[in-house]
file my_file-v3.txt (compact mmCIF, C-alpha atoms and all ligand atoms)
# COMPACT_ATOMS: atom_id res chain seq x y z
CA MET A 1 18.36 -86.36 60.70
CA GLY A 2 15.82 -85.90 63.52
CA GLU A 3 16.83 -89.22 65.03
CA TRP A 4 20.49 -88.26 64.96
CA SER A 5 19.90 -84.90 66.63
CA GLU A 6 17.87 -86.62 69.35
CA TYR A 7 20.62 -89.17 69.79
CA PHE A 8 23.28 -86.44 70.00
CA ALA A 9 21.11 -84.52 72.48
CA ASP A 10 21.15 -87.60 74.73
CA PHE A 11 24.80 -88.44 74.07
CA PRO A 12 26.58 -85.16 73.22
CA GLU A 13 30.01 -86.78 73.60
CA GLU A 14 29.14 -88.98 70.57
CA ASN A 15 28.69 -85.92 68.33
CA PRO A 16 31.95 -85.22 66.43
CA ALA A 17 30.94 -81.54 66.22
CA ASN A 18 31.35 -81.27 70.00
CA TRP A 19 35.02 -82.21 69.88
CA ILE A 20 37.91 -79.90 69.22
CA ASN A 21 41.58 -80.91 69.01
CA GLY A 22 40.76 -84.36 70.40
CA ARG A 23 38.96 -82.89 73.42
CA PHE A 24 35.23 -83.00 74.21
CA ASP A 25 34.29 -79.32 74.55
CA PRO A 26 30.99 -78.37 72.89
CA GLN A 27 31.34 -74.65 73.72
CA ALA A 28 34.88 -74.34 72.38
CA ALA A 29 33.96 -76.36 69.29
CA ALA A 30 30.96 -74.09 68.60
CA LEU A 31 33.07 -70.98 69.16
CA SER A 32 35.70 -72.33 66.77
CA ARG A 33 33.07 -72.93 64.07
CA GLN A 34 31.64 -69.42 64.55
CA ARG A 35 35.11 -67.88 64.33
CA GLU A 36 35.89 -69.86 61.18
CA ALA A 37 32.62 -68.76 59.57
CA ALA A 38 33.37 -65.13 60.48
CA PHE A 39 36.85 -65.40 58.95
CA GLU A 40 35.44 -66.90 55.76
CA LYS A 41 32.83 -64.15 55.53
CA ALA A 42 35.47 -61.44 56.06
CA ASP A 43 37.65 -63.12 53.45
CA ARG A 44 34.82 -63.18 50.89
CA GLU A 45 33.91 -59.55 51.55
CA GLY A 46 37.57 -58.52 51.48
CA ASN A 47 38.08 -60.25 48.14
CA ALA A 48 35.00 -58.58 46.68
CA GLU A 49 36.27 -55.20 47.84
CA LEU A 50 39.72 -55.87 46.40
CA ARG A 51 38.26 -57.01 43.06
CA GLY A 52 36.22 -53.79 42.96
CA MET A 53 39.30 -51.67 43.63
CA ILE A 54 41.31 -53.45 40.92
CA SER A 55 38.45 -53.13 38.46
CA THR A 56 38.14 -49.38 39.15
CA ALA A 57 41.90 -48.89 38.77
CA LYS A 58 41.93 -50.80 35.48
CA LYS A 59 39.03 -48.73 34.13
CA LYS A 60 40.96 -45.55 34.94
CA ILE A 61 44.10 -46.87 33.23
CA LYS A 62 42.06 -47.87 30.18
CA ALA A 63 40.39 -44.46 30.04
CA ARG A 64 43.71 -42.64 29.93
CA SER A 65 45.33 -45.23 27.61
CA LEU A 66 42.81 -44.85 24.80
CA LEU A 67 44.88 -44.40 21.66
CA VAL A 68 42.28 -44.34 18.91
CA THR A 69 38.73 -45.39 18.04
CA GLU A 70 38.39 -47.01 14.62
CA ASP A 71 35.96 -48.99 12.49
CA CYS A 72 35.44 -52.51 13.81
CA PRO A 73 36.21 -55.21 11.22
CA GLN A 74 33.31 -57.31 12.51
CA CYS A 75 30.35 -55.00 13.15
CA GLY A 76 31.54 -52.13 10.97
CA LEU A 77 30.79 -49.49 13.59
CA ARG A 78 33.30 -46.88 14.69
CA THR A 79 33.47 -48.47 18.13
CA LEU A 80 36.80 -50.34 18.09
CA ASN A 81 38.88 -48.83 20.85
CA THR A 82 42.61 -49.40 20.89
CA TYR A 83 44.33 -48.88 24.21
CA ARG A 84 48.05 -48.53 24.69
CA ILE A 85 48.15 -50.09 28.15
CA SER A 86 51.96 -50.05 28.24
CA LYS A 87 54.86 -49.46 25.86
CA ASP A 88 54.34 -52.81 24.13
CA PHE A 89 50.83 -53.88 25.14
CA PHE A 90 48.16 -52.72 22.72
CA LEU A 91 44.60 -53.88 23.24
CA CYS A 92 41.67 -53.56 20.84
CA GLU A 93 38.13 -53.92 22.14
CA CYS A 94 34.96 -53.22 20.20
CA GLN A 95 32.45 -51.44 22.42
CA ASP A 96 29.58 -52.72 20.30
CA CYS A 97 30.12 -56.36 19.32
CA GLY A 98 32.83 -57.31 21.84
CA LEU A 99 35.51 -58.39 19.34
CA TYR A 100 39.00 -58.02 20.76
CA GLY A 101 42.67 -58.70 20.24
CA LYS A 102 46.05 -57.69 21.54
CA GLY A 103 49.56 -57.19 20.30
CA MET A 104 52.92 -55.61 20.96
CA THR A 105 52.13 -52.92 18.39
CA HIS A 106 48.94 -51.21 17.27
CA GLU A 107 49.14 -53.06 13.92
CA GLU A 108 49.64 -56.43 15.62
CA ALA A 109 46.64 -55.84 17.90
CA LEU A 110 44.47 -54.80 14.94
CA SER A 111 45.63 -57.83 12.96
CA GLN A 112 44.85 -60.27 15.83
CA THR A 113 41.46 -58.60 16.24
CA ALA A 114 40.70 -59.00 12.52
CA GLU A 115 41.80 -62.65 12.62
CA ALA A 116 39.30 -63.34 15.42
CA LEU A 117 36.45 -62.07 13.24
CA GLY A 118 33.53 -64.49 13.39
CA ASP A 119 34.92 -66.43 16.37
CA GLY A 120 32.16 -65.08 18.58
CA LEU A 121 34.55 -63.38 20.99
CA ASP A 122 33.19 -60.91 23.52
CA TRP A 123 35.58 -59.32 25.98
CA ARG A 124 32.65 -58.17 28.14
CA GLU A 125 31.62 -61.81 28.73
CA GLU A 126 35.05 -63.45 28.78
CA GLY A 127 36.77 -60.70 30.73
CA SER A 128 39.05 -58.07 29.31
CA LEU A 129 42.64 -59.07 28.55
CA PHE A 130 43.50 -56.16 30.83
ZN ZN B 201 32.46 -54.54 16.61
call {"tool": "encode", "arguments": {"input": "my_file-v3.txt", "output": "structure tokens", "more": "lines below"}}
Ligand SMILES: [Zn+2]
result
Amino acid sequence: MGEWSEYFADFPEENPANWINGRFDPQAAALSRQREAAFEKADREGNAELRGMISTAKKKIKARSLLVTEDCPQCGLRTLNTYRISKDFFLCECQDCGLYGKGMTHEEALSQTAEALGDGLDWREEGSLF
């Protein structure tokens, strides 16, 4: 690596990083790389902010969609929340063991949740279905 950087210091026109759009222009090439890095950084930060906003909005929707809290078929605790996210989207999530399931009706969601018993599901690790 040291040898290459010495070589490129002596022959900058041989360094591909000094070329931009087929033209030898070390300053423009460096500026272009900086700009690209800045765009990528802004993109990453923007995505993180957007994910945060979506996550907050979904938590609010969940909070106001809570239909009932029942006994979980897996852990037996009264921690199985059923949310009615929309007219025909019911979601069960145990707040203790993480078991979950969904359905078009409350019964269907409960039944899918019960069928997943013992499968080791955890909506907190795998991501909520909503
Ligand atoms: Zn449970």
call {"tool": "residues_near_ligand", "arguments": {"input": "my_file-v3.txt", "ligand": "ligand ZN 201 (chain B)", "cutoff": "9 Å", "atoms": "only C-alpha atoms and all ligand atoms", "output": "short mmCIF file (atom, residue, chain, number, x, y, z; two decimals) with C-alpha atoms, keeping the file's coordinate frame"}}
result
data_model
loop_
_atom_site.label_atom_id
_atom_site.label_comp_id
_atom_site.auth_asym_id
_atom_site.auth_seq_id
_atom_site.Cartn_x
_atom_site.Cartn_y
_atom_site.Cartn_z
CA ASP A 71 35.96 -48.99 12.49
CA CYS A 72 35.44 -52.51 13.81
CA PRO A 73 36.21 -55.21 11.22
CA GLN A 74 33.31 -57.31 12.51
CA CYS A 75 30.35 -55.00 13.15
CA GLY A 76 31.54 -52.13 10.97
CA LEU A 77 30.79 -49.49 13.59
CA ARG A 78 33.30 -46.88 14.69
CA THR A 79 33.47 -48.47 18.13
CA LEU A 80 36.80 -50.34 18.09
CA GLU A 93 38.13 -53.92 22.14
CA CYS A 94 34.96 -53.22 20.20
CA GLN A 95 32.45 -51.44 22.42
CA ASP A 96 29.58 -52.72 20.30
CA CYS A 97 30.12 -56.36 19.32
CA GLY A 98 32.83 -57.31 21.84
CA LEU A 99 35.51 -58.39 19.34
CA TYR A 100 39.00 -58.02 20.76
#
call {"tool": "closest_residue", "arguments": {"input": "my_file-v3.txt", "among": "A:Pro12, A:Lys59, A:Trp4, A:Phe130", "to": "Phe24 (chain A)", "atoms": "only C-alpha atoms"}}
result
A:Pro12
call {"tool": "closest_residue", "arguments": {"input": "my_file-v3.txt", "among": "A:Leu129, A:Arg84, A:Pro26, A:Arg124", "to": "Phe11 (chain A)", "atoms": "all atoms listed in the file"}}
result
A:Pro26
call {"tool": "atom_distance", "arguments": {"input": "my_file-v3.txt", "atom1": "CA of Asp122 (chain A)", "atom2": "CA of Leu50 (chain A)"}}
result
24.3 Å
call {"tool": "atom_distance", "arguments": {"input": "my_file-v3.txt", "atom1": "CA of Phe89 (chain A)", "atom2": "CA of Glu108 (chain A)"}}
result
9.9 Å
call {"tool": "residues_around", "arguments": {"input": "my_file-v3.txt", "residues": "region 15-18 of chain A", "least_positions_apart": "5", "cutoff": "10 Å", "atoms": "only C-alpha atoms", "output": "PyMOL selection string"}}
result
chain A and resi 4-5+7-9+23-30+33
call {"tool": "closest_residue", "arguments": {"input": "my_file-v3.txt", "among": "A:Phe90, A:Arg44, A:Glu126, A:Gly52", "to": "Leu110 (chain A)", "atoms": "all atoms listed in the file"}}
result
A:Phe90
call {"tool": "atom_distance", "arguments": {"input": "my_file-v3.txt", "atom1": "CA of Gly127 (chain A)", "atom2": "CA of Tyr83 (chain A)"}}
result
15.5 Å
call {"tool": "build_atoms", "arguments": {"input": "my_file-v3.txt", "residues": "region 110-123 of chain A", "atoms": "N, CA and C atoms", "output": "short mmCIF file (atom, residue, chain, number, x, y, z; two decimals), keeping the file's coordinate frame"}}
result
data_model
loop_
_atom_site.label_atom_id
_atom_site.label_comp_id
_atom_site.auth_asym_id
_atom_site.auth_seq_id
_atom_site.Cartn_x
_atom_site.Cartn_y
_atom_site.Cartn_z
N LEU A 110 45.54 -54.90 15.95
CA LEU A 110 44.47 -54.80 14.94
C LEU A 110 44.40 -56.09 14.13
N SER A 111 45.57 -56.62 13.77
CA SER A 111 45.63 -57.83 12.96
C SER A 111 45.06 -59.02 13.73
N GLN A 112 45.39 -59.15 15.02
CA GLN A 112 44.85 -60.27 15.83
C GLN A 112 43.33 -60.12 16.00
N THR A 113 42.89 -58.87 16.12
CA THR A 113 41.46 -58.60 16.24
C THR A 113 40.73 -59.02 14.96
N ALA A 114 41.31 -58.66 13.81
CA ALA A 114 40.70 -59.00 12.52
C ALA A 114 40.69 -60.50 12.30
N GLU A 115 41.74 -61.19 12.78
CA GLU A 115 41.80 -62.65 12.62
C GLU A 115 40.73 -63.36 13.44
N ALA A 116 40.30 -62.72 14.53
CA ALA A 116 39.30 -63.34 15.42
C ALA A 116 37.87 -63.11 14.92
N LEU A 117 37.75 -62.38 13.83
CA LEU A 117 36.45 -62.07 13.24
C LEU A 117 35.63 -63.34 13.04
N GLY A 118 34.42 -63.34 13.57
CA GLY A 118 33.53 -64.49 13.39
C GLY A 118 33.72 -65.58 14.43
N ASP A 119 34.69 -65.41 15.34
CA ASP A 119 34.92 -66.43 16.37
C ASP A 119 33.95 -66.30 17.54
N GLY A 120 33.14 -65.26 17.51
CA GLY A 120 32.16 -65.08 18.58
C GLY A 120 32.76 -64.57 19.88
N LEU A 121 33.91 -63.90 19.78
CA LEU A 121 34.55 -63.38 20.99
C LEU A 121 33.76 -62.20 21.56
N ASP A 122 33.77 -62.08 22.87
CA ASP A 122 33.19 -60.91 23.52
C ASP A 122 33.93 -60.64 24.82
N TRP A 123 34.75 -59.62 24.80
CA TRP A 123 35.58 -59.32 25.98
C TRP A 123 34.73 -58.98 27.20
#
